[in-house]
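Peer 1: Before I ask anything, let me first share the structure, which is written out below as structure tokens.
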2 protein chains.
Amino acid sequence: MKKEIRVIGIDDSPFSKFRDSKSLVVGVVMRGGSWVDGILSTSVDVDGNDATKKISEMINNCKFKPQLQCIFLDGIAVAGFNVVDVKELGRKTKLPVIIVIRKMPDIDNIKNTLIKINKKNKIKLIEKAGEIIKIGNIYAQMAGIKADEAGKILKIVCTRSNIPEPLRLAHLIAQGVVLGESRGKA
Amino acid sequence: MKKEIRVIGIDDSPFSKFRDSKSLVVGVVMRGGSWVDGILSTSVDVDGNDATKKISEMINNCKFKPQLQCIFLDGIAVAGFNVVDVKELGRKTKLPVIIVIRKMPDIDNIKNTLIKINKKNKIKLIEKAGEIIKIGNIYAQMAGIKADEAGKILKIVCTRSNIPEPLRLAHLIAQGVVLGESRGKA
């Protein structure tokens, strides 16, 4: 595995449930865990269904695409309940996808909420994303890549914390440009 | 000089002269030239007069302020002809300011334009920013810091190119979140 492997980390920005219909999604393209090559962005519907389409378009249309070798997502959903179809994202971009989960989620609680708000179809997407595995200090779901391979990439890109550096930066940027200042744990 | 010196690099985002009345301004807080601590942002009037006020507020209100030791600006103006009063910015933030200039600007040409568009008062701000000095491969104007001191800080923060890394990142972010993809030379 090359130290300079090109990866993209994707995170969404904070939004107001009551005011905003769209949420900014930021992608950070890095070589390994240190050098930022470029910044991408797109906009998705709050609680909508367009995350998979918008994110795969953002990746496929960028100039870094030929070099990219892996996609990192911060959780399986953006902009509230705009759940990413991880397998579909992998198919459309022809790239492995690693969903990084900071804390073990309460899947039953999420499912109950989705049933309550009449978004039962999203449960299938969450189940489709596969088993949640512990790698080092984080949890992850994967598509198109095996756990040992994912572990090797994580070792390269987690330069500053337990979180892959492109995800940490995507989080800081998405917060900073929307709120005026990035907050809390990156 | 500490390798981990905290600095902020500030750049504006692209805008349409015909459509936009505001432009996003992004600040990247780094430790030296490698570790991103946080992202700030504010919004200024296109061709307006609020850059000095907005940028000093952005800096003074952020949680990183007590650690900050230097401000980098990418050119003296943001959002078109929203010229920063560099001395005033230094006074308000109590920090030295280094304006990085990639290419030696054609000052006469800028002055002629400002006269033509009836913004003669901005010429004073440009003149007030002091002499343009060549440091390494770039040009710079300074307030509240001497050239040899500025040279030392530049050596620490120019980790990846001739441009201080916080400025390179501020440029990529400001472009990426507004255009969808960062472009050209960072």
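A note on labels: chains of the structure tokens are A, B, ... as shown, every chain counts residues from 1, and ligands are counted from 1 in their shown order.
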When you get a sec, could you note down which chain B residues fall within 9 Å of chain A, using only C-alpha atoms, as a PyMOL selection string?

Peer 2: chain B and resi 24-27+34-42+58+62-63+160+169+172-183+186

Peer 1: Any idea what's packed within 10 Å of Asn82 (chain B), counting only C-alpha atoms, ignoring anything in its chain fewer than 2 positions away? Could you give it as a PDB file with N, CA, C and O atoms, in the first residue's frame?

Peer 2:
```pdb
ATOM      1  N   VAL B  44     -18.306  39.089   3.289  1.00  0.00           N
ATOM      2  CA  VAL B  44     -18.050  40.530   3.098  1.00  0.00           C
ATOM      3  C   VAL B  44     -18.745  41.022   1.823  1.00  0.00           C
ATOM      4  O   VAL B  44     -19.065  40.240   0.933  1.00  0.00           O
ATOM      5  N   ASP B  45     -18.934  42.341   1.762  1.00  0.00           N
ATOM      6  CA  ASP B  45     -19.603  42.941   0.604  1.00  0.00           C
ATOM      7  C   ASP B  45     -18.672  42.970  -0.606  1.00  0.00           C
ATOM      8  O   ASP B  45     -17.513  43.389  -0.499  1.00  0.00           O
ATOM      9  N   VAL B  46     -19.178  42.556  -1.763  1.00  0.00           N
ATOM     10  CA  VAL B  46     -18.410  42.658  -3.005  1.00  0.00           C
ATOM     11  C   VAL B  46     -18.130  44.137  -3.293  1.00  0.00           C
ATOM     12  O   VAL B  46     -19.059  44.957  -3.277  1.00  0.00           O
ATOM     13  N   ASP B  47     -16.849  44.458  -3.506  1.00  0.00           N
ATOM     14  CA  ASP B  47     -16.400  45.840  -3.738  1.00  0.00           C
ATOM     15  C   ASP B  47     -16.762  46.794  -2.589  1.00  0.00           C
ATOM     16  O   ASP B  47     -16.810  48.015  -2.790  1.00  0.00           O
ATOM     17  N   GLY B  48     -17.012  46.227  -1.399  1.00  0.00           N
ATOM     18  CA  GLY B  48     -17.462  47.042  -0.269  1.00  0.00           C
ATOM     19  C   GLY B  48     -16.330  47.569   0.595  1.00  0.00           C
ATOM     20  O   GLY B  48     -15.169  47.633   0.156  1.00  0.00           O
ATOM     21  N   ASN B  49     -16.664  47.943   1.841  1.00  0.00           N
ATOM     22  CA  ASN B  49     -15.694  48.559   2.752  1.00  0.00           C
ATOM     23  C   ASN B  49     -15.622  47.855   4.110  1.00  0.00           C
ATOM     24  O   ASN B  49     -15.077  48.396   5.064  1.00  0.00           O
ATOM     25  N   ASP B  50     -16.206  46.651   4.198  1.00  0.00           N
ATOM     26  CA  ASP B  50     -16.322  46.021   5.517  1.00  0.00           C
ATOM     27  C   ASP B  50     -15.285  44.923   5.794  1.00  0.00           C
ATOM     28  O   ASP B  50     -15.360  44.249   6.820  1.00  0.00           O
ATOM     29  N   ALA B  51     -14.303  44.759   4.912  1.00  0.00           N
ATOM     30  CA  ALA B  51     -13.352  43.638   5.064  1.00  0.00           C
ATOM     31  C   ALA B  51     -12.569  43.727   6.375  1.00  0.00           C
ATOM     32  O   ALA B  51     -12.448  42.730   7.102  1.00  0.00           O
ATOM     33  N   THR B  52     -12.047  44.911   6.696  1.00  0.00           N
ATOM     34  CA  THR B  52     -11.226  45.062   7.902  1.00  0.00           C
ATOM     35  C   THR B  52     -12.039  44.706   9.143  1.00  0.00           C
ATOM     36  O   THR B  52     -11.591  43.951  10.013  1.00  0.00           O
ATOM     37  N   ILE B  76      -4.106  42.161  -0.707  1.00  0.00           N
ATOM     38  CA  ILE B  76      -4.604  43.177   0.219  1.00  0.00           C
ATOM     39  C   ILE B  76      -6.118  43.376   0.144  1.00  0.00           C
ATOM     40  O   ILE B  76      -6.721  43.998   1.015  1.00  0.00           O
ATOM     41  N   ALA B  77      -6.745  42.831  -0.893  1.00  0.00           N
ATOM     42  CA  ALA B  77      -8.190  43.023  -1.065  1.00  0.00           C
ATOM     43  C   ALA B  77      -8.920  41.691  -1.112  1.00  0.00           C
ATOM     44  O   ALA B  77      -8.375  40.673  -1.544  1.00  0.00           O
ATOM     45  N   VAL B  78     -10.156  41.682  -0.626  1.00  0.00           N
ATOM     46  CA  VAL B  78     -11.037  40.525  -0.791  1.00  0.00           C
ATOM     47  C   VAL B  78     -12.285  40.982  -1.537  1.00  0.00           C
ATOM     48  O   VAL B  78     -12.570  42.187  -1.599  1.00  0.00           O
ATOM     49  N   ALA B  79     -13.007  40.029  -2.102  1.00  0.00           N
ATOM     50  CA  ALA B  79     -14.291  40.346  -2.763  1.00  0.00           C
ATOM     51  C   ALA B  79     -14.162  41.555  -3.688  1.00  0.00           C
ATOM     52  O   ALA B  79     -14.896  42.534  -3.561  1.00  0.00           O
ATOM     53  N   GLY B  80     -13.213  41.482  -4.589  1.00  0.00           N
ATOM     54  CA  GLY B  80     -13.024  42.580  -5.538  1.00  0.00           C
ATOM     55  C   GLY B  80     -12.188  43.674  -4.933  1.00  0.00           C
ATOM     56  O   GLY B  80     -11.037  43.467  -4.580  1.00  0.00           O
ATOM     57  N   VAL B  84      -8.382  45.709   2.485  1.00  0.00           N
ATOM     58  CA  VAL B  84      -8.161  45.613   3.929  1.00  0.00           C
ATOM     59  C   VAL B  84      -7.221  46.732   4.391  1.00  0.00           C
ATOM     60  O   VAL B  84      -6.193  46.981   3.770  1.00  0.00           O
ATOM     61  N   ASP B  85      -7.603  47.403   5.467  1.00  0.00           N
ATOM     62  CA  ASP B  85      -6.713  48.366   6.113  1.00  0.00           C
ATOM     63  C   ASP B  85      -5.797  47.554   7.032  1.00  0.00           C
ATOM     64  O   ASP B  85      -6.169  47.189   8.145  1.00  0.00           O
ATOM     65  N   LYS B 122      -9.517  54.118  -1.626  1.00  0.00           N
ATOM     66  CA  LYS B 122      -8.861  52.812  -1.423  1.00  0.00           C
ATOM     67  C   LYS B 122      -7.359  52.896  -1.715  1.00  0.00           C
ATOM     68  O   LYS B 122      -6.586  52.070  -1.236  1.00  0.00           O
TER      69      LYS B 122
END
```

Peer 1: Mind the document's chain letters and residue numbers, and return as a PyMOL selection string the residues of region 5-86 of chain B that DSSP labels strand (DSSP E or B).

Peer 2: chain B and resi 6-12+22-31+35-45+68-74+77-78+82-83

Peer 1: If we count only C-alpha atoms and set the cut-off at 6 Å, which residues sit around Leu95 (chain B), ignoring sequence neighbours fewer than 2 positions away in its own chain? Please answer as JSON, numbers by chain.

Peer 2: {"B": [70, 90, 93]}

Peer 1: Write out as an NGL selection string which residues come within 12 Å of Lys111 (chain A) when counting only C-alpha atoms, dropping same-chain ones fewer than 2 positions away.

Peer 2: :A and (81 or 105-109 or 113-127)

Peer 1: Go ahead and compute the interatomic distance for CA of Val29 (chain A) and CA of Val100 (chain B), in Å to one decimal.

Peer 2: 25.0 Å

Peer 1: Suppose you want the space between CA of Ile138 (chain A) and CA of Gly32 (chain A); what is it in Å?

Peer 2: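 About the pair CA of Ile138 (chain A) and CA of Gly32 (chain A): they are 18.4 Å apart.
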